[in-house]
Amino acid sequence: MRLSMFDPVPVPRKVGLYLALKGLPPIETEQFNIFLGETRTPEFLARNPAATVPVLETDDGHAIVESFAIMHYLEDLYPDPPMRGASEEERRRVDTQAALAKEFYYYYACTTVHTTAYLSRRNPVQAIDLAAAPLWRIVLEQISHVMEDRPFLAGVQPTMADCMLYPMFEYTLAVYGFTFPPHLKALGRWYDRVAALPGCPSLLLDESFHDQLMAAHGRRF
Amino acid sequence: MMQLLVPSWYPYQCLGRALDEMLGEPLARAPADANVAAEHVGEHWQFIALLDGGEPVLGTTAIGEALDRRYPTRRIIGIDPIGRAEVRAHVSRIEEMFWCLVMADMPDHPGFGRPLWNDGSGARERMLEEVPWRMDTIELFAAKRTTRFLSGELPSIADAFLAALLNTAAHQGIGPLLLRPSLQRWAAENGQGRPFTINT
Ligand SMILES: N[C@@H](CCC(=O)N[C@@H](CS)C(=O)NCC(=O)O)C(=O)O
């Protein structure tokens, strides 16, 4: 198997965190810098016409795309240790939290492209924030509610759901100045708990990252 | 008994109907007052949810996964790991477009009850810009389709969510923005109650 990644950005990092916590033998990894157009070459587009990372290529030549599908694929192949719940009840909670995590980030990202200088290549319309901010806040509230007082999003062990959400905060805290809604205290503590897990990869953004991000997507006002 | 809680807002209604059509039998509906979100995020917000006694299953992908385990012979996420990855990838992309349409029409959401942006702000149009390039990827895939449905001879959750997406778009009067030739063929073959109802 071979994994196409770009380590600094959040969506591939979901799979990176998943692999680290799952403890599978290392998978050969290749980096594609999305800010330099490396996912838009004909070779890459043949792998994934949507031009996004991550992509997992199997030994028999299939390309698995979408972080969510990649994690499920690896769970289908290697059920142990379970990263999507050990019982039906836990499985449902993992799937619920994973679904909500993706929904949260999508609404948040759609807002952010219009409200941050670092991603404003599309004509920014600040008003989108009025509609989308309630949406991502509602979804975060729901995630926190479903977690109750468990240490991880779906139970006592980290699962795919934690891998779907943690990298989103890790990146948006560092790059867009995201802050946790202060009343969601349990979620803040959960974040610190995931960060402290053995093997949790830390996000290292050097100066060149910010230069490249700004050059590719940024707008100076 | 398994029940689907479907908020009355039309995008969710489109989803609920497409899931029924995919299964070939309507799922029982939870009473409208079973609002699983009311206590903590306010009575105006509802999530589409699957209820059967324990904690509610929320979110389209989670509902799809739970239905797959409940109806294993329907193969609604495909058969082998590669096929299942394909269906899940479609679903992951289709739901992003679905959320775009939801956001584009947020001012119509009954829970908010107030205009969310000013007329002429361009917010709706900017939101909708996120949709066509995503649809292109689905179209590319549909162009290579050799089976009746997107991934196989049985309807999967990818087909159901696609039907719901197209119906939501039709409701907003932007059906043509999404339909491409191969998707049009998919809709012609699998719409009109076979098994989906697709308005374009
Ligand atoms: N829904 C996709 C999203 C993948 C995605 O958007 N990846 C971004 C990086 S975070 C990307 O590759 N962007 C390519 C580009 O901007 O050119 C998934 O979960 O895999």
# chains A, B, ... in the order shown; residues from 1 in each chain; ligands from 1
call {"tool": "residues_around", "arguments": {"residues": "range 23-26 of chain A", "least_positions_apart": "2", "cutoff": "12 Å", "atoms": "only C-alpha atoms", "output": "ChimeraX atom specification"}}
result
/A:1-3,15-21,28-29,71,74-75,77-83,198-200
call {"tool": "write_last_selection", "arguments": {"atoms": "N, CA, C and O atoms", "output": "tab-separated table (two decimals), in the first residue's frame"}}
result
chain	number	residue	atom	x	y	z
A	1	MET	N	0.85	-1.20	0.00
A	1	MET	CA	0.00	0.00	0.00
A	1	MET	C	0.88	1.24	0.00
A	1	MET	O	2.00	1.22	0.49
A	2	ARG	N	0.32	2.31	-0.54
A	2	ARG	CA	1.06	3.57	-0.58
A	2	ARG	C	0.08	4.71	-0.27
A	2	ARG	O	-1.04	4.73	-0.80
A	3	LEU	N	0.52	5.63	0.57
A	3	LEU	CA	-0.36	6.70	1.02
A	3	LEU	C	0.15	8.04	0.51
A	3	LEU	O	1.31	8.39	0.73
A	15	VAL	N	-5.89	10.76	8.81
A	15	VAL	CA	-5.41	9.41	8.54
A	15	VAL	C	-4.07	9.18	9.26
A	15	VAL	O	-3.82	8.09	9.79
A	16	GLY	N	-3.24	10.22	9.33
A	16	GLY	CA	-1.96	10.10	10.05
A	16	GLY	C	-2.19	9.75	11.51
A	16	GLY	O	-1.54	8.86	12.07
A	17	LEU	N	-3.13	10.45	12.14
A	17	LEU	CA	-3.42	10.18	13.56
A	17	LEU	C	-4.02	8.78	13.72
A	17	LEU	O	-3.64	8.03	14.63
A	18	TYR	N	-4.92	8.44	12.81
A	18	TYR	CA	-5.52	7.11	12.85
A	18	TYR	C	-4.44	6.04	12.80
A	18	TYR	O	-4.44	5.10	13.60
A	19	LEU	N	-3.52	6.16	11.86
A	19	LEU	CA	-2.47	5.14	11.71
A	19	LEU	C	-1.60	5.07	12.96
A	19	LEU	O	-1.23	3.99	13.41
A	20	ALA	N	-1.31	6.24	13.53
A	20	ALA	CA	-0.46	6.27	14.72
A	20	ALA	C	-1.15	5.56	15.88
A	20	ALA	O	-0.52	4.80	16.62
A	21	LEU	N	-2.47	5.79	16.03
A	21	LEU	CA	-3.16	5.19	17.17
A	21	LEU	C	-3.51	3.73	16.91
A	21	LEU	O	-3.58	2.92	17.84
A	28	GLU	N	4.07	2.95	3.31
A	28	GLU	CA	4.92	3.85	2.50
A	28	GLU	C	4.13	5.13	2.19
A	28	GLU	O	2.97	5.07	1.77
A	29	THR	N	4.78	6.27	2.43
A	29	THR	CA	4.07	7.54	2.32
A	29	THR	C	4.81	8.47	1.36
A	29	THR	O	6.03	8.52	1.38
A	71	MET	N	-10.13	5.34	6.32
A	71	MET	CA	-10.12	4.77	7.68
A	71	MET	C	-11.04	3.56	7.76
A	71	MET	O	-10.68	2.54	8.34
A	74	LEU	N	-9.40	0.55	6.09
A	74	LEU	CA	-8.38	-0.10	6.92
A	74	LEU	C	-9.04	-0.86	8.08
A	74	LEU	O	-8.57	-1.93	8.48
A	75	GLU	N	-10.15	-0.33	8.59
A	75	GLU	CA	-10.88	-1.07	9.63
A	75	GLU	C	-11.47	-2.36	9.07
A	75	GLU	O	-11.49	-3.39	9.75
A	77	LEU	N	-10.22	-4.12	6.70
A	77	LEU	CA	-9.13	-5.08	6.50
A	77	LEU	C	-8.52	-5.55	7.82
A	77	LEU	O	-8.15	-6.70	7.96
A	78	TYR	N	-8.37	-4.61	8.75
A	78	TYR	CA	-7.68	-4.92	10.01
A	78	TYR	C	-8.56	-4.53	11.19
A	78	TYR	O	-8.41	-3.44	11.74
A	79	PRO	N	-9.49	-5.40	11.56
A	79	PRO	CA	-10.44	-5.00	12.61
A	79	PRO	C	-9.81	-4.83	14.01
A	79	PRO	O	-10.43	-4.20	14.85
A	80	ASP	N	-8.60	-5.35	14.20
A	80	ASP	CA	-8.00	-5.24	15.54
A	80	ASP	C	-6.75	-4.37	15.56
A	80	ASP	O	-5.94	-4.50	14.68
A	81	PRO	N	-6.60	-3.53	16.57
A	81	PRO	CA	-7.58	-3.18	17.61
A	81	PRO	C	-8.71	-2.36	17.00
A	81	PRO	O	-8.46	-1.59	16.09
A	82	PRO	N	-9.94	-2.52	17.49
A	82	PRO	CA	-11.06	-1.81	16.86
A	82	PRO	C	-10.95	-0.30	17.06
A	82	PRO	O	-10.78	0.16	18.19
A	83	MET	N	-11.05	0.44	15.97
A	83	MET	CA	-11.02	1.90	16.05
A	83	MET	C	-12.39	2.48	15.69
A	83	MET	O	-12.54	3.67	15.49
A	198	PRO	N	0.27	8.74	23.54
A	198	PRO	CA	1.56	8.32	22.98
A	198	PRO	C	1.43	8.14	21.47
A	198	PRO	O	0.47	7.55	21.00
A	199	GLY	N	2.35	8.71	20.74
A	199	GLY	CA	2.35	8.55	19.28
A	199	GLY	C	1.56	9.61	18.54
A	199	GLY	O	1.63	9.67	17.31
A	200	CYS	N	0.80	10.46	19.26
A	200	CYS	CA	0.02	11.50	18.57
A	200	CYS	C	0.99	12.43	17.85
A	200	CYS	O	1.82	13.08	18.49
call {"tool": "residues_around", "arguments": {"residues": "Glu38 in chain A", "least_positions_apart": "5", "cutoff": "10 Å", "atoms": "only C-alpha atoms", "output": "count of residues only"}}
result
9
call {"tool": "residues_near_ligand", "arguments": {"ligand": "ligand 1", "cutoff": "6 Å", "atoms": "only C-alpha atoms and all ligand atoms", "output": "VMD selection string"}}
result
chain A and resid 9 to 11 34 51 to 54 66 to 68
call {"tool": "interface_residues", "arguments": {"of": "chain A", "to": "chain B", "cutoff": "7 Å", "atoms": "only C-alpha atoms", "output": "count of residues only"}}
result
22
call {"tool": "select_by_dssp", "arguments": {"residues": "range 1-181 of chain B", "states": "strand (DSSP E or B)", "output": "PyMOL selection string"}}
result
chain B and resi 3-5+28-29+49-51+57-58+76+78+149+152
call {"tool": "select_by_dssp", "arguments": {"residues": "range 6-174 of chain A", "states": "alpha helix (DSSP H)", "output": "PyMOL selection string"}}
result
chain A and resi 10-22+42-47+67-77+88-115+128-147+160-174
